[in-house]
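Enquirer: Below is the structure I would like to discuss, written out as structure tokens.
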Amino acid sequence: MHFLLLGATGRVGQRVLAQALQDGHEITAVVRSMDKISLRSDRLTLLQGNACSAEDLAGAMTGVDAVVSCLGTDGGTVLTEATPLLIAAMKAAGVSRVVTVGTAGILQSREHPGLLRFEAPDTRRSSTRAAEEHRQAWALLAASGLRWTVVCPTYLPDGEAQGQFRAERDFLPDGGTSISVGDTAAFTYRVAVEDAYIGCRVGLAY
């Protein structure tokens, strides 16, 4: 497969990139700084650009089968700026499959039906700004008509993939408190390759 990877220099994105190249896939990665990617391969095309640029996204779609976005909020409005541009670029290029990495805050609350976890009165978040960014990006994908999946890890410490974790549609697995970067990347990559969990958020936790 040929993937367009956004957020390839981030914690999850770097691991998705390494796994995809190891398994023989082609990757086009749009990065702001080429120096932050140490991997090199004849199956990796690095394009210096910005995920918030319609022109850069359109230029990266050639030959792409699916998009994997590991973009974070970056403390600002990256997701709400980039997501509509990505949707438009995918539709123009005839690409229908997209897997993104979100946050457990946008999963449904078990204790408060009808609310998302970050909206619930018992949330421990001191700020909901990042979760709101992720919520808006998810809403745009859900309304897009694309074949989307949003992977929603809970607390995300650095760590290697263990392979033993739980995944649940639209909810965080009961009692889950953490999931490593390695396992999150492995699951995100697998969902993209296997074309699984179409049209839902997926909660991840040990």
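Residues in the structure tokens are named by chain (A, B, ... in the order shown) and by number from 1 within that chain; ligands are numbered from 1 in the order shown.
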Tell me, as a ChimeraX atom specification, which residues lie within 8 Å of Val31 (chain A), counting only C-alpha atoms; anything in the same chain fewer than 4 positions away does not count.

Expert: /A:6-9,46-51

Enquirer: Run DSSP on the backbone and give me the residues of chain A it puts in strand (DSSP E), as an MDAnalysis selection string.

Expert: chainID A and resid 2:6 26:31 44:48 66:69 97:101 147:153 166:169 200:205

Enquirer: Could you tell me how far CA of Leu79 (chain A) lies from CA of Thr103 (chain A), in Å and to one decimal?

Expert: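 Going from CA of Leu79 (chain A) over to CA of Thr103 (chain A) covers 12.3 Å.
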
Enquirer: I'd like to know which of A:Gly94, A:Pro173, A:Pro84, A:Gly114 is closest to Asp65 (chain A), using only C-alpha atoms.

Expert: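 Using only C-alpha atoms, the shortest distance to Asp65 (chain A) belongs to A:Gly94.
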
Enquirer: Among region 106-195 of chain A, which residues carry a DSSP assignment of alpha helix (DSSP H), reported as a PyMOL selection string?

Expert: chain A and resi 129-142+181-194

Enquirer: Leaving out Ala88 (chain A) and any residue of its chain fewer than 5 positions from it, which residues lie within 9 Å of it when counting only C-alpha atoms, given as an NGL selection string?

Expert: :A and (54 or 58 or 83 or 93)

Enquirer: Suppose we keep N, CA and C atoms; can you now write the selection as a short mmCIF file (atom, residue, chain, number, x, y, z; two decimals), in the first residue's frame?

Expert:
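Contents of the output file out.cif:
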data_model
loop_
_atom_site.label_atom_id
_atom_site.label_comp_id
_atom_site.auth_asym_id
_atom_site.auth_seq_id
_atom_site.Cartn_x
_atom_site.Cartn_y
_atom_site.Cartn_z
N ALA A 54 -3.45 23.75 1.80
CA ALA A 54 -4.22 22.99 0.81
C ALA A 54 -3.34 22.55 -0.35
N ALA A 58 -2.64 18.64 -1.38
CA ALA A 58 -3.04 18.20 -2.73
C ALA A 58 -1.85 17.60 -3.47
N THR A 83 -7.85 19.54 9.07
CA THR A 83 -8.82 18.49 8.75
C THR A 83 -9.71 18.83 7.55
N ALA A 93 -8.67 13.77 -4.91
CA ALA A 93 -7.77 12.73 -5.42
C ALA A 93 -8.43 11.37 -5.47
#

Enquirer: If we count only C-alpha atoms and set the cut-off at 12 Å, which residues sit around Thr80 (chain A), ignoring sequence neighbours fewer than 5 positions away in its own chain? Please answer as an MDAnalysis selection string.

Expert: chainID A and resid 51:52 71:75 85:87 129:141

Enquirer: Tyr206 (chain A): which residues within 7 Å, counting only C-alpha atoms, same-chain residues fewer than 5 positions away excluded, as a list in words?

Expert: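 In the requested format, the answer is Phe165, Arg166, Gly176, Ser178 and Ile179 of chain A.
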
Enquirer: Measuring between only C-alpha atoms, which one of A:Val181, A:Ala20, A:Ala66, A:Leu204 shows the shortest distance to Pro157 (chain A)?

Expert: A:Val181

Enquirer: Could you check which of A:Ser53, A:Glu111, A:Glu194, A:Gly145 is closest to Asp174 (chain A), using only C-alpha atoms?

Expert: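 The shortest atom-to-atom distance to Asp174 (chain A) comes from A:Glu111.
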
Enquirer: Given only C-alpha atoms as the basis, pick out the residue of A:Ser33, A:Ser69, A:Thr62, A:Thr177 nearest to Val98 (chain A).

Expert: A:Ser69

Enquirer: Considering only C-alpha atoms, can you say which of A:Val101, A:Cys152, A:Ala18, A:Met90 comes closest to Leu57 (chain A)?

Expert: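 The answer is A:Met90, which sits nearest to Leu57 (chain A).
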
Enquirer: Which residue, A:Ala161, A:Cys200, A:Arg43, A:Leu5, has the smallest gap to Cys70 (chain A) when you use only C-alpha atoms?

Expert: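 Residue with the minimum atom-to-atom distance to Cys70 (chain A): A:Leu5.
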
Enquirer: Which residues, written as a list of chain:residue names, have at least one atom at most 7 Å from Ile27 (chain A), with only C-alpha atoms counted and residues fewer than 6 positions away on the same chain left out?

Expert: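 Here the qualifying residues turn out to be A:His2, A:Phe3, A:Leu4, A:Leu5, A:Arg43, A:Leu44, A:Thr45.
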
Enquirer: Can those selected residues be exported to a file as a tab-separated table (two decimals), in the first residue's frame so that it contains all heavy atoms?

Expert:
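Heads up, here's the output in part_32.tsv:
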chain	number	residue	atom	x	y	z
A	2	HIS	N	0.26	2.33	-0.40
A	2	HIS	CA	0.94	3.62	-0.40
A	2	HIS	C	0.17	4.54	0.55
A	2	HIS	O	-0.98	4.86	0.32
A	2	HIS	CB	0.96	4.22	-1.81
A	2	HIS	CG	1.74	5.49	-1.93
A	2	HIS	ND1	2.04	6.05	-3.14
A	2	HIS	CD2	2.26	6.33	-0.98
A	2	HIS	CE1	2.73	7.16	-2.94
A	2	HIS	NE2	2.87	7.35	-1.63
A	3	PHE	N	0.85	4.92	1.65
A	3	PHE	CA	0.23	5.76	2.66
A	3	PHE	C	0.75	7.19	2.59
A	3	PHE	O	1.95	7.40	2.38
A	3	PHE	CB	0.53	5.22	4.06
A	3	PHE	CG	-0.07	3.89	4.37
A	3	PHE	CD1	0.71	2.75	4.38
A	3	PHE	CD2	-1.43	3.77	4.65
A	3	PHE	CE1	0.16	1.51	4.66
A	3	PHE	CE2	-1.99	2.54	4.94
A	3	PHE	CZ	-1.20	1.41	4.95
A	4	LEU	N	-0.14	8.14	2.79
A	4	LEU	CA	0.27	9.50	3.11
A	4	LEU	C	0.28	9.60	4.62
A	4	LEU	O	-0.73	9.33	5.28
A	4	LEU	CB	-0.70	10.52	2.51
A	4	LEU	CG	-0.50	11.97	3.00
A	4	LEU	CD1	0.89	12.48	2.67
A	4	LEU	CD2	-1.56	12.88	2.40
A	5	LEU	N	1.41	9.97	5.20
A	5	LEU	CA	1.56	10.07	6.65
A	5	LEU	C	1.75	11.52	7.05
A	5	LEU	O	2.67	12.19	6.58
A	5	LEU	CB	2.74	9.22	7.12
A	5	LEU	CG	3.06	9.24	8.61
A	5	LEU	CD1	1.88	8.70	9.43
A	5	LEU	CD2	4.33	8.42	8.89
A	43	ARG	N	11.49	3.75	-0.56
A	43	ARG	CA	10.02	3.71	-0.50
A	43	ARG	C	9.44	4.86	0.30
A	43	ARG	O	8.24	4.92	0.51
A	43	ARG	CB	9.56	2.37	0.08
A	43	ARG	CG	9.73	1.20	-0.88
A	43	ARG	CD	9.36	-0.14	-0.27
A	43	ARG	NE	10.42	-0.64	0.58
A	43	ARG	CZ	10.43	-0.58	1.90
A	43	ARG	NH1	9.40	-0.03	2.55
A	43	ARG	NH2	11.43	-1.06	2.61
A	44	LEU	N	10.32	5.77	0.74
A	44	LEU	CA	9.87	6.93	1.51
A	44	LEU	C	10.10	8.21	0.71
A	44	LEU	O	11.23	8.51	0.31
A	44	LEU	CB	10.65	7.02	2.83
A	44	LEU	CG	10.45	8.29	3.67
A	44	LEU	CD1	8.99	8.46	4.08
A	44	LEU	CD2	11.37	8.26	4.90
A	45	THR	N	9.02	8.94	0.47
A	45	THR	CA	9.10	10.24	-0.17
A	45	THR	C	8.82	11.31	0.87
A	45	THR	O	7.72	11.36	1.43
A	45	THR	CB	8.07	10.36	-1.32
A	45	THR	OG1	8.33	9.34	-2.28
A	45	THR	CG2	8.16	11.73	-1.98

Enquirer: Please list as a list in words every residue within 9 Å of Gly163 (chain A), counting only C-alpha atoms and excluding residues in the same chain fewer than 5 positions away.

Expert: Gly182, Asp183, Ala186 and Phe187 of chain A

Enquirer: Which value, in Å to one decimal, gives the distance between CA of Asp42 (chain A) and CA of Met61 (chain A)?

Expert: 17.8 Å
